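Engineer: My structure is in input-v4.pdb, and what it holds is PDB, C-alpha atoms (C1' of nucleotides):
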```pdb
ATOM      1  CA  MET F 195      -7.143  -1.440  11.066
ATOM      2  CA  LYS F 196      -3.860  -1.876   9.243
ATOM      3  CA  ILE F 197      -2.493   0.943   7.062
ATOM      4  CA  ALA F 198       0.646  -0.036   5.148
ATOM      5  CA  THR F 199       3.167   1.519   2.786
ATOM      6  CA  TRP F 200       5.400  -0.370   0.372
ATOM      7  CA  ASN F 201       7.625   0.621  -2.510
ATOM      8  CA  ILE F 202       7.160  -2.460  -4.704
ATOM      9  CA  ASN F 203       9.654  -1.470  -7.440
ATOM     10  CA  GLY F 204       7.472  -2.429 -10.383
ATOM     11  CA  ILE F 205       3.993  -4.010 -10.307
ATOM     12  CA  LYS F 206       4.778  -6.367 -13.199
ATOM     13  CA  ALA F 207       7.844  -7.806 -11.493
ATOM     14  CA  ARG F 208       6.253  -7.785  -8.027
ATOM     15  CA  HIS F 209       2.752  -9.015  -8.825
ATOM     16  CA  ASP F 210       3.011 -12.463  -7.203
ATOM     17  CA  VAL F 211       4.890 -11.181  -4.154
ATOM     18  CA  LEU F 212       2.330  -8.427  -3.648
ATOM     19  CA  VAL F 213      -0.626 -10.828  -3.825
ATOM     20  CA  GLU F 214       1.033 -13.271  -1.419
ATOM     21  CA  TRP F 215       1.811 -10.489   1.063
ATOM     22  CA  LEU F 216      -1.766  -9.132   0.832
ATOM     23  CA  LYS F 217      -3.100 -12.598   1.682
ATOM     24  CA  GLN F 218      -0.736 -13.040   4.627
ATOM     25  CA  ALA F 219      -0.720  -9.531   6.087
ATOM     26  CA  GLU F 220      -4.343  -8.622   5.345
ATOM     27  CA  PRO F 221      -3.826  -4.855   5.360
ATOM     28  CA  ASP F 222      -6.905  -2.614   5.138
ATOM     29  CA  ILE F 223      -5.269   0.253   3.263
ATOM     30  CA  VAL F 224      -2.051  -0.060   1.245
ATOM     31  CA  CYS F 225       0.040   2.786  -0.151
ATOM     32  CA  LEU F 226       2.159   1.557  -3.051
ATOM     33  CA  GLN F 227       5.045   3.368  -4.722
ATOM     34  CA  GLU F 228       7.065   2.789  -7.878
ATOM     35  CA  ILE F 229       4.364   0.804  -9.618
ATOM     36  CA  LYS F 230       6.268   1.682 -12.844
ATOM     37  CA  SER F 231       3.090   1.228 -14.801
ATOM     38  CA  VAL F 232       0.429   3.180 -16.596
ATOM     39  CA  ASP F 233      -3.037   3.021 -15.022
ATOM     40  CA  GLU F 234      -4.421   0.722 -17.744
ATOM     41  CA  ALA F 235      -1.698  -1.910 -17.143
ATOM     42  CA  PHE F 236      -2.219  -2.052 -13.361
ATOM     43  CA  PRO F 237      -3.930  -5.344 -12.344
ATOM     44  CA  GLY F 238      -6.870  -3.557 -10.761
ATOM     45  CA  SER F 239      -9.611  -6.133 -11.335
ATOM     46  CA  GLU F 240      -7.478  -8.901  -9.874
ATOM     47  CA  LEU F 241      -6.800  -6.908  -6.714
ATOM     48  CA  GLU F 242     -10.485  -6.026  -6.545
ATOM     49  CA  ALA F 243     -11.207  -9.769  -6.495
ATOM     50  CA  LEU F 244      -9.092  -9.907  -3.319
ATOM     51  CA  GLY F 245     -11.428  -7.364  -1.755
ATOM     52  CA  TYR F 246      -9.629  -4.107  -2.498
ATOM     53  CA  ASN F 247     -10.804  -0.919  -4.083
ATOM     54  CA  VAL F 248      -8.018   0.370  -6.306
ATOM     55  CA  ALA F 249      -6.892   3.860  -7.278
ATOM     56  CA  THR F 250      -3.755   4.509  -9.283
ATOM     57  CA  HIS F 251      -1.721   7.449 -10.461
ATOM     58  CA  GLY F 252       0.531   5.784 -12.958
ATOM     59  CA  GLN F 253       3.176   6.740 -15.463
ATOM     60  CA  LYS F 254       5.045   4.860 -18.158
ATOM     61  CA  GLY F 255       8.294   3.286 -17.047
ATOM     62  CA  PHE F 256       9.045   5.150 -13.849
ATOM     63  CA  ASN F 257       7.481   6.331 -10.615
ATOM     64  CA  GLY F 258       3.740   5.773 -10.196
ATOM     65  CA  VAL F 259       1.758   5.409  -6.951
ATOM     66  CA  ALA F 260      -1.406   3.563  -5.970
ATOM     67  CA  LEU F 261      -3.850   3.036  -3.119
ATOM     68  CA  LEU F 262      -5.557  -0.243  -2.263
ATOM     69  CA  SER F 263      -8.376  -0.092   0.241
ATOM     70  CA  ARG F 264     -10.997  -2.333   1.751
ATOM     71  CA  LEU F 265     -12.947   0.843   2.474
ATOM     72  CA  PRO F 266     -14.611   2.543  -0.471
ATOM     73  CA  PHE F 267     -13.043   5.780  -1.709
ATOM     74  CA  ASP F 268     -15.126   8.873  -1.043
ATOM     75  CA  GLU F 269     -12.664  10.898  -3.083
ATOM     76  CA  VAL F 270      -9.321  10.466  -4.855
ATOM     77  CA  ASN F 271      -6.888  13.303  -5.611
ATOM     78  CA  ARG F 272      -3.935  12.759  -7.926
ATOM     79  CA  GLY F 273      -0.755  14.820  -8.115
ATOM     80  CA  LEU F 274       0.915  17.170  -5.647
ATOM     81  CA  ALA F 275      -0.245  20.780  -5.873
ATOM     82  CA  GLY F 276       2.140  23.612  -6.547
ATOM     83  CA  ASP F 277       3.561  22.932 -10.018
ATOM     84  CA  ASP F 278       1.249  22.314 -12.958
ATOM     85  CA  ALA F 279       4.267  21.554 -15.180
ATOM     86  CA  ASP F 280       5.331  18.577 -13.019
ATOM     87  CA  GLU F 281       4.366  15.418 -14.910
ATOM     88  CA  GLN F 282       5.936  12.881 -12.554
ATOM     89  CA  ALA F 283       3.364  10.620 -10.856
ATOM     90  CA  ARG F 284       4.387  10.647  -7.207
ATOM     91  CA  PHE F 285       1.329  11.543  -5.131
ATOM     92  CA  ILE F 286      -2.178  10.209  -4.594
ATOM     93  CA  GLU F 287      -4.609  11.023  -1.787
ATOM     94  CA  GLY F 288      -7.571   8.864  -0.848
ATOM     95  CA  VAL F 289     -10.420  10.090   1.348
ATOM     96  CA  PHE F 290     -12.383   7.578   3.416
ATOM     97  CA  SER F 291     -15.112   7.490   6.044
ATOM     98  CA  VAL F 292     -14.224   5.658   9.246
ATOM     99  CA  ASP F 293     -16.579   5.616  12.232
ATOM    100  CA  GLY F 294     -18.365   8.603  10.754
ATOM    101  CA  GLN F 295     -15.092  10.506  10.594
ATOM    102  CA  VAL F 296     -12.993  11.546   7.595
ATOM    103  CA  LEU F 297      -9.687   9.718   7.104
ATOM    104  CA  ARG F 298      -7.195  10.940   4.527
ATOM    105  CA  VAL F 299      -4.369   8.659   3.384
ATOM    106  CA  VAL F 300      -1.610   9.738   1.003
ATOM    107  CA  SER F 301       0.757   7.461  -0.908
ATOM    108  CA  LEU F 302       3.810   9.498  -1.873
ATOM    109  CA  TYR F 303       7.034   8.746  -3.704
ATOM    110  CA  LEU F 304       9.428  11.557  -2.945
ATOM    111  CA  PRO F 305      12.127  12.158  -5.588
ATOM    112  CA  ASN F 306      15.467  10.423  -4.992
ATOM    113  CA  GLY F 307      17.448  13.565  -5.812
ATOM    114  CA  ASN F 308      20.710  12.031  -6.989
ATOM    115  CA  PRO F 309      23.003  13.143  -8.425
ATOM    116  CA  THR F 310      23.051  16.274  -6.288
ATOM    117  CA  ASN F 311      24.914  18.306  -8.921
ATOM    118  CA  ASP F 312      21.987  17.887 -11.337
ATOM    119  CA  PRO F 313      19.301  20.538 -10.723
ATOM    120  CA  ARG F 314      16.742  18.342 -12.498
ATOM    121  CA  LYS F 315      17.338  15.883  -9.662
ATOM    122  CA  PHE F 316      18.378  17.525  -6.405
ATOM    123  CA  ASP F 317      16.720  20.910  -6.904
ATOM    124  CA  TYR F 318      13.588  19.094  -8.066
ATOM    125  CA  LYS F 319      13.634  17.001  -4.882
ATOM    126  CA  LEU F 320      13.950  20.048  -2.630
ATOM    127  CA  ALA F 321      11.254  21.919  -4.551
ATOM    128  CA  TRP F 322       8.978  18.855  -4.261
ATOM    129  CA  MET F 323       9.554  18.809  -0.486
ATOM    130  CA  ASP F 324       8.698  22.515  -0.314
ATOM    131  CA  ARG F 325       5.468  21.809  -2.206
ATOM    132  CA  LEU F 326       4.696  18.936   0.188
ATOM    133  CA  GLN F 327       5.282  21.274   3.134
ATOM    134  CA  ALA F 328       2.823  23.794   1.678
ATOM    135  CA  TRP F 329       0.239  21.109   0.907
ATOM    136  CA  ALA F 330       0.524  19.588   4.400
ATOM    137  CA  THR F 331       0.299  22.992   6.068
ATOM    138  CA  ASP F 332      -2.947  23.577   4.237
ATOM    139  CA  ARG F 333      -4.359  20.108   4.954
ATOM    140  CA  LEU F 334      -3.601  20.313   8.680
ATOM    141  CA  THR F 335      -5.940  23.280   9.001
ATOM    142  CA  LEU F 336      -8.765  20.773   8.413
ATOM    143  CA  GLU F 337      -7.856  19.114  11.735
ATOM    144  CA  GLU F 338      -8.701  15.679  10.344
ATOM    145  CA  PRO F 339      -6.980  12.305  10.640
ATOM    146  CA  LEU F 340      -4.305  12.326   7.924
ATOM    147  CA  VAL F 341      -1.695   9.660   7.226
ATOM    148  CA  LEU F 342       1.184  10.708   4.965
ATOM    149  CA  ALA F 343       2.844   7.454   3.964
ATOM    150  CA  GLY F 344       5.431   6.476   1.426
ATOM    151  CA  ASP F 345       8.984   6.280   0.208
ATOM    152  CA  TYR F 346      10.355   9.640   1.322
ATOM    153  CA  ASN F 347      13.901   8.990   0.095
ATOM    154  CA  VAL F 348      15.001  10.664   3.330
ATOM    155  CA  ILE F 349      17.357   9.164   5.922
ATOM    156  CA  PRO F 350      16.216  11.281   8.874
ATOM    157  CA  GLN F 351      19.186  10.690  11.172
ATOM    158  CA  ALA F 352      22.568   8.961  11.262
ATOM    159  CA  GLU F 353      21.021   6.100  13.263
ATOM    160  CA  ASP F 354      18.760   5.359  10.311
ATOM    161  CA  CYS F 355      21.544   3.858   8.204
ATOM    162  CA  TRP F 356      24.216   1.240   8.708
ATOM    163  CA  ASP F 357      27.152   3.532   7.985
ATOM    164  CA  PRO F 358      26.560   7.302   7.850
ATOM    165  CA  ALA F 359      29.943   7.827   6.178
ATOM    166  CA  VAL F 360      28.675   5.963   3.093
ATOM    167  CA  TRP F 361      25.728   8.357   2.799
ATOM    168  CA  GLU F 362      27.691  11.557   3.330
ATOM    169  CA  GLY F 363      26.741  13.933   0.530
ATOM    170  CA  ASP F 364      23.982  11.665  -0.822
ATOM    171  CA  ALA F 365      20.670  13.354  -1.668
ATOM    172  CA  LEU F 366      18.887  11.098   0.856
ATOM    173  CA  PHE F 367      21.100  12.341   3.682
ATOM    174  CA  ARG F 368      22.033  15.902   2.729
ATOM    175  CA  SER F 369      21.263  18.542   5.366
ATOM    176  CA  GLU F 370      18.895  20.350   2.963
ATOM    177  CA  THR F 371      16.860  17.131   2.686
ATOM    178  CA  ARG F 372      16.862  16.251   6.367
ATOM    179  CA  SER F 373      15.999  19.772   7.491
ATOM    180  CA  ARG F 374      12.977  19.779   5.180
ATOM    181  CA  PHE F 375      11.778  16.438   6.566
ATOM    182  CA  GLU F 376      12.262  17.797  10.077
ATOM    183  CA  ALA F 377      10.276  20.920   9.177
ATOM    184  CA  LEU F 378       7.470  18.739   7.841
ATOM    185  CA  LYS F 379       7.316  16.755  11.071
ATOM    186  CA  ASN F 380       7.425  19.982  13.071
ATOM    187  CA  LEU F 381       4.082  20.982  11.580
ATOM    188  CA  GLY F 382       2.695  18.538  14.138
ATOM    189  CA  PHE F 383       3.099  15.075  12.629
ATOM    190  CA  THR F 384       3.981  11.977  14.612
ATOM    191  CA  GLU F 385       6.568   9.748  12.930
ATOM    192  CA  ALA F 386       5.126   6.278  13.482
ATOM    193  CA  LEU F 387       8.127   4.008  13.200
ATOM    194  CA  ARG F 388      10.525   6.014  15.321
ATOM    195  CA  SER F 389       8.113   6.282  18.205
ATOM    196  CA  ALA F 390       7.512   2.531  18.038
ATOM    197  CA  ASN F 391      11.068   1.324  17.769
ATOM    198  CA  GLY F 392      13.436   3.848  19.258
ATOM    199  CA  ASP F 393      16.383   5.274  17.531
ATOM    200  CA  SER F 394      18.554   2.815  15.658
ATOM    201  CA  GLY F 395      18.924  -0.259  13.499
ATOM    202  CA  ILE F 396      15.422  -0.290  12.005
ATOM    203  CA  TYR F 397      15.641  -0.321   8.218
ATOM    204  CA  THR F 398      13.080  -0.466   5.412
ATOM    205  CA  PHE F 399      15.358  -0.627   2.353
ATOM    206  CA  TRP F 400      18.354  -2.765   1.446
ATOM    207  CA  ASP F 401      20.050  -2.199  -1.904
ATOM    208  CA  TYR F 402      20.186  -5.105  -4.341
ATOM    209  CA  GLN F 403      23.890  -4.399  -4.749
ATOM    210  CA  ALA F 404      26.949  -5.464  -2.802
ATOM    211  CA  GLY F 405      25.132  -7.935  -0.542
ATOM    212  CA  ALA F 406      23.421  -5.152   1.368
ATOM    213  CA  TRP F 407      20.609  -7.425   2.620
ATOM    214  CA  PRO F 408      22.698 -10.333   4.039
ATOM    215  CA  LYS F 409      25.046  -7.771   5.599
ATOM    216  CA  ASN F 410      22.082  -5.760   6.934
ATOM    217  CA  HIS F 411      23.430  -2.587   5.330
ATOM    218  CA  GLY F 412      20.016  -0.955   5.221
ATOM    219  CA  ILE F 413      18.467   2.477   5.504
ATOM    220  CA  ARG F 414      15.167   3.716   6.917
ATOM    221  CA  ILE F 415      13.490   5.812   4.243
ATOM    222  CA  ASP F 416       9.862   4.613   4.218
ATOM    223  CA  HIS F 417       7.879   6.658   6.687
ATOM    224  CA  LEU F 418       4.329   7.165   7.972
ATOM    225  CA  LEU F 419       3.544  10.610   9.371
ATOM    226  CA  LEU F 420       0.353  11.013  11.384
ATOM    227  CA  SER F 421      -1.554  14.241  11.907
ATOM    228  CA  PRO F 422      -2.512  14.926  15.558
ATOM    229  CA  GLU F 423      -6.018  13.600  14.869
ATOM    230  CA  ALA F 424      -4.601  10.423  13.289
ATOM    231  CA  ALA F 425      -2.043   9.987  16.072
ATOM    232  CA  MET F 426      -4.937   9.576  18.515
ATOM    233  CA  HIS F 427      -5.720   6.312  16.705
ATOM    234  CA  TYR F 428      -2.120   5.114  16.618
ATOM    235  CA  GLY F 429      -1.678   1.646  18.068
ATOM    236  CA  GLY F 430       1.779   0.599  16.944
ATOM    237  CA  CYS F 431       3.941   0.067  13.912
ATOM    238  CA  ALA F 432       5.844  -2.812  12.337
ATOM    239  CA  VAL F 433       8.204  -3.583   9.468
ATOM    240  CA  ASP F 434       7.463  -6.750   7.473
ATOM    241  CA  LYS F 435      11.156  -7.467   7.059
ATOM    242  CA  TYR F 436      10.575 -11.161   6.226
ATOM    243  CA  VAL F 437       9.343 -10.208   2.753
ATOM    244  CA  ARG F 438      12.899  -9.187   1.799
ATOM    245  CA  ASP F 439      13.855 -12.891   1.952
ATOM    246  CA  TRP F 440      11.212 -13.986  -0.554
ATOM    247  CA  GLU F 441      11.898 -14.849  -4.206
ATOM    248  CA  LYS F 442      12.198 -11.751  -6.394
ATOM    249  CA  PRO F 443      11.779  -9.255  -3.539
ATOM    250  CA  SER F 444      11.480  -5.503  -3.804
ATOM    251  CA  ASP F 445      14.455  -3.635  -2.356
ATOM    252  CA  HIS F 446      11.941  -2.065   0.086
ATOM    253  CA  VAL F 447       9.765  -3.932   2.609
ATOM    254  CA  PRO F 448       6.240  -3.113   3.819
ATOM    255  CA  VAL F 449       5.815  -0.860   6.857
ATOM    256  CA  TRP F 450       2.450  -0.620   8.563
ATOM    257  CA  ILE F 451       0.633   0.967  11.467
ATOM    258  CA  ASP F 452      -2.209  -0.247  13.601
ATOM    259  CA  TYR F 453      -4.894   2.429  13.239
ATOM    260  CA  GLN F 454      -7.248   1.856  16.136
ATOM    261  CA  LEU F 455     -10.935   2.487  15.644
ATOM    262  CA  ALA F 456     -13.035   4.221  18.272
ATOM    263  CA  SER F 457     -15.230   1.194  18.868
TER     264      SER F 457
ATOM    265  C1'  DA Z 889      37.126  -2.577  -3.185
ATOM    266  C1'  DT Z 890      34.589   4.446  -6.930
ATOM    267  C1'  DG Z 891      32.302  -1.735  -7.321
ATOM    268  C1'  DG Z 892      27.755  -4.056  -7.454
ATOM    269  C1'  DT Z 893      21.987  -5.579  -8.977
ATOM    270  C1'  DT Z 894      17.359  -4.978 -10.509
ATOM    271  C1'  DG Z 895      13.301  -3.148 -13.383
ATOM    272  C1'  DG Z 896      11.445  -1.118 -17.454
ATOM    273  C1'  DT Z 897      12.694  -0.267 -21.640
ATOM    274  C1'  DA Z 898      14.243  -0.723 -26.272
ATOM    275  C1'  DG Z 899      16.799   6.084 -24.937
ATOM    276  C1'  DC Z 900      20.840   2.535 -20.839
ATOM    277  C1'  DC Z 901      18.306   5.421 -17.407
ATOM    278  C1'  DA Z 902      16.738   5.322 -12.576
ATOM    279  C1'  DA Z 903      17.483   3.638  -8.240
TER     280       DA Z 903
END
```
As structure tokens, please, write out the structure in this file.
Structural biologist:
Amino acid sequence: MKIATWNINGIKARHDVLVEWLKQAEPDIVCLQEIKSVDEAFPGSELEALGYNVATHGQKGFNGVALLSRLPFDEVNRGLAGDDADEQARFIEGVFSVDGQVLRVVSLYLPNGNPTNDPRKFDYKLAWMDRLQAWATDRLTLEEPLVLAGDYNVIPQAEDCWDPAVWEGDALFRSETRSRFEALKNLGFTEALRSANGDSGIYTFWDYQAGAWPKNHGIRIDHLLLSPEAAMHYGGCAVDKYVRDWEKPSDHVPVWIDYQLAS
DNA sequence: ATGGTTGGTAGCCAA
């Protein structure tokens, strides 16, 4: 079973590319970020015709996350706990039944955090990561398969970008950001892509600007974290880099894991 | 090279 994550940078602009990739890649569960759409404007019925159940947590203009799944949803939870005043749509959890076992999959869009001198940006990002840490700590007590997938806006290590000097001081690479991501992993998560590909030159995002894609000036910021129970099903990970060469691409590409079933 | 491009919006802001 294929579980994928992809920041599509706008469902309206990415509709055709998304449908084409779904047909080619045939993922079973897809975590989408930056749908930049309200729930009513999301092309749910069309994606349902392709065989997917659809759950969205949308917002006008910015942010917005969604889950597509060939499995029916047993439950959907929208929004990250810990701040009732937070109106940004960045978190959706789907609960599924697989082989008689619970499987939880989260699509998250972690705040960018720039500029770092703006507390509404950087402090919000760090607070969001602290809330995620608390939520994950609580969820892990269930001892269930849990996949935390999405655009983390975190460059975990220097090897995860073309030129670390360029990212010095950036919210994606600041020590406060990286230490929080490390703390999250240290709860017991397995980071899928790193374990599959080693330690350098694997990117998931290339900026539209300054010829970043043809020069391969990328960063690795889209991650899938697996709980110990999910890691037992882990069968590999891949980056669908070819999609970045399509017409009207997102600046991110899909990343997916092979989630092996017991049978 | 302190630039550059894209998406959603009609606020140029967010990335």
Engineer: Selected by the PyMOL selection byres ((chain F) within 8 of (chain Z)) in the shown coordinates: which residues, as an MDAnalysis selection string?
Structural biologist: chainID F and resid 203:204 207 230 255:256 306 402:404
Engineer: Measure the distance from atom CA of Ala432 of chain F to atom CA of Pro221 of chain F in Å and round it to one decimal.
Structural biologist: 12.1 Å
Engineer: List as a ChimeraX atom specification the protein and nucleic acid residues near Gly288 of chain F, meaning an atom at most 8 Å away when only C-alpha atoms (C1' of nucleotides) are counted, but skip any in the same chain fewer than 6 places from it.
Structural biologist: /F:261,267-271,298-300
Engineer: Between atom CA of Ser231 of chain F and atom CA of Ile205 of chain F, what distance in Å does the model show, to one decimal?
Structural biologist: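 These two atoms are separated by 7.0 Å.
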Engineer: Applying 6 Å and only C-alpha atoms (C1' of nucleotides), which residues near segment 336-350 of chain F remain after dropping the ones on its own chain fewer than 2 positions away? List them as a PyMOL selection string.
Structural biologist: chain F and resi 199+297-304+306+333-334+354+366-367+372+414-421+423-424
Engineer: Find the distance between atom CA of Ser263 of chain F and atom CA of Trp200 of chain F and write it in Å to one decimal.
Structural biologist: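 So the two atoms, atom CA of Ser263 of chain F and atom CA of Trp200 of chain F, lie 13.8 Å apart.
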Engineer: With all atoms listed in the file as the atoms that count, which of F:Leu226, F:Leu381, F:Leu387, F:Met426 lies nearest to Thr335 of chain F?
Structural biologist: F:Leu381
Engineer: Put the listed atoms of segment 276-292 of chain F in a box along x, y and z with 8 Å added on every side and give me the centre and edge lengths in Å to one decimal, as JSON.
Structural biologist:
```
{"center_x": -4.6, "center_y": 14.6, "center_z": -3.0, "size_x": 37.0, "size_y": 34.0, "size_z": 40.4}
```
Engineer: For Gln282 of chain F, which residue out of F:Gln295, F:Thr310, F:Asn247, F:Gln253 is the nearest one, using all atoms listed in the file?
Structural biologist: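 Comparing F:Gln295, F:Thr310, F:Asn247, F:Gln253 against Gln282 of chain F, the winner is F:Gln253.
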Engineer: Select, from F:Arg284, F:Lys435, F:Lys217, F:Lys254, the residue with the minimum atom-to-atom distance to Trp407 of chain F, counting only C-alpha atoms.
Structural biologist: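 Smallest separation from Trp407 of chain F among the options: F:Lys435.
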Engineer: Residues picked by the PyMOL selection byres ((chain F and resi 353) around 8) here, as a PyMOL selection string?
Structural biologist: chain F and resi 351-352+354-356+358+393-395
Engineer: Hey, what comes out of the PyMOL selection byres ((chain F and resi 212) around 12) on this file? Could you write it as a PyMOL selection string?
Structural biologist: chain F and resi 199-211+213-221+224-226+229+237+240-241+244+262+437-438+440-444+447-448
Engineer: So which residues touch segment 274-277 of chain F within 8 Å, counting all atoms listed in the file, skipping near sequence neighbours fewer than 5 positions away, as a ChimeraX atom specification?
Structural biologist: /F:284-286,325-326,329
Engineer: Can you patch up segment 391-410 of chain F, filling it in to N, CA and C atoms, and show the result as an mmCIF file, in the frame of the given file?
Structural biologist:
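Listed below is the output, part-v2.cif:
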```cif
data_model
loop_
_atom_site.group_PDB
_atom_site.id
_atom_site.type_symbol
_atom_site.label_atom_id
_atom_site.label_comp_id
_atom_site.auth_asym_id
_atom_site.auth_seq_id
_atom_site.Cartn_x
_atom_site.Cartn_y
_atom_site.Cartn_z
ATOM 1 N N ASN F 391 9.881 2.169 17.726
ATOM 2 C CA ASN F 391 11.068 1.324 17.769
ATOM 3 C C ASN F 391 12.326 1.998 18.308
ATOM 4 N N GLY F 392 12.226 3.220 18.768
ATOM 5 C CA GLY F 392 13.436 3.848 19.258
ATOM 6 C C GLY F 392 14.297 4.354 18.133
ATOM 7 N N ASP F 393 15.560 4.415 18.365
ATOM 8 C CA ASP F 393 16.383 5.274 17.531
ATOM 9 C C ASP F 393 17.426 4.634 16.636
ATOM 10 N N SER F 394 17.517 3.313 16.554
ATOM 11 C CA SER F 394 18.554 2.815 15.658
ATOM 12 C C SER F 394 18.306 1.401 15.167
ATOM 13 N N GLY F 395 18.883 1.100 14.018
ATOM 14 C CA GLY F 395 18.924 -0.259 13.499
ATOM 15 C C GLY F 395 17.641 -0.756 12.873
ATOM 16 N N ILE F 396 16.659 0.109 12.674
ATOM 17 C CA ILE F 396 15.422 -0.290 12.005
ATOM 18 C C ILE F 396 15.485 0.207 10.569
ATOM 19 N N TYR F 397 15.514 -0.695 9.624
ATOM 20 C CA TYR F 397 15.641 -0.321 8.218
ATOM 21 C C TYR F 397 14.423 -0.780 7.423
ATOM 22 N N THR F 398 14.200 -0.100 6.280
ATOM 23 C CA THR F 398 13.080 -0.466 5.412
ATOM 24 C C THR F 398 13.526 -0.720 3.984
ATOM 25 N N PHE F 399 14.798 -0.465 3.701
ATOM 26 C CA PHE F 399 15.358 -0.627 2.353
ATOM 27 C C PHE F 399 16.762 -1.202 2.445
ATOM 28 N N TRP F 400 17.005 -2.211 1.601
ATOM 29 C CA TRP F 400 18.354 -2.765 1.446
ATOM 30 C C TRP F 400 18.622 -2.863 -0.040
ATOM 31 N N ASP F 401 19.684 -2.220 -0.493
ATOM 32 C CA ASP F 401 20.050 -2.199 -1.904
ATOM 33 C C ASP F 401 20.250 -3.625 -2.427
ATOM 34 N N TYR F 402 19.923 -3.801 -3.717
ATOM 35 C CA TYR F 402 20.186 -5.105 -4.341
ATOM 36 C C TYR F 402 21.694 -5.373 -4.440
ATOM 37 N N GLN F 403 22.472 -4.288 -4.447
ATOM 38 C CA GLN F 403 23.890 -4.399 -4.749
ATOM 39 C C GLN F 403 24.734 -4.704 -3.514
ATOM 40 N N ALA F 404 25.880 -5.310 -3.794
ATOM 41 C CA ALA F 404 26.949 -5.464 -2.802
ATOM 42 C C ALA F 404 26.523 -6.222 -1.540
ATOM 43 N N GLY F 405 25.534 -7.119 -1.691
ATOM 44 C CA GLY F 405 25.132 -7.935 -0.542
ATOM 45 C C GLY F 405 24.585 -7.134 0.619
ATOM 46 N N ALA F 406 23.906 -6.040 0.303
ATOM 47 C CA ALA F 406 23.421 -5.152 1.368
ATOM 48 C C ALA F 406 22.461 -5.872 2.321
ATOM 49 N N TRP F 407 21.601 -6.735 1.772
ATOM 50 C CA TRP F 407 20.609 -7.425 2.620
ATOM 51 C C TRP F 407 21.269 -8.425 3.578
ATOM 52 N N PRO F 408 22.066 -9.402 3.086
ATOM 53 C CA PRO F 408 22.698 -10.333 4.039
ATOM 54 C C PRO F 408 23.617 -9.636 5.043
ATOM 55 N N LYS F 409 24.174 -8.491 4.665
ATOM 56 C CA LYS F 409 25.046 -7.771 5.599
ATOM 57 C C LYS F 409 24.261 -6.790 6.477
ATOM 58 N N ASN F 410 22.951 -6.710 6.217
ATOM 59 C CA ASN F 410 22.082 -5.760 6.934
ATOM 60 C C ASN F 410 22.546 -4.310 6.786
#
```
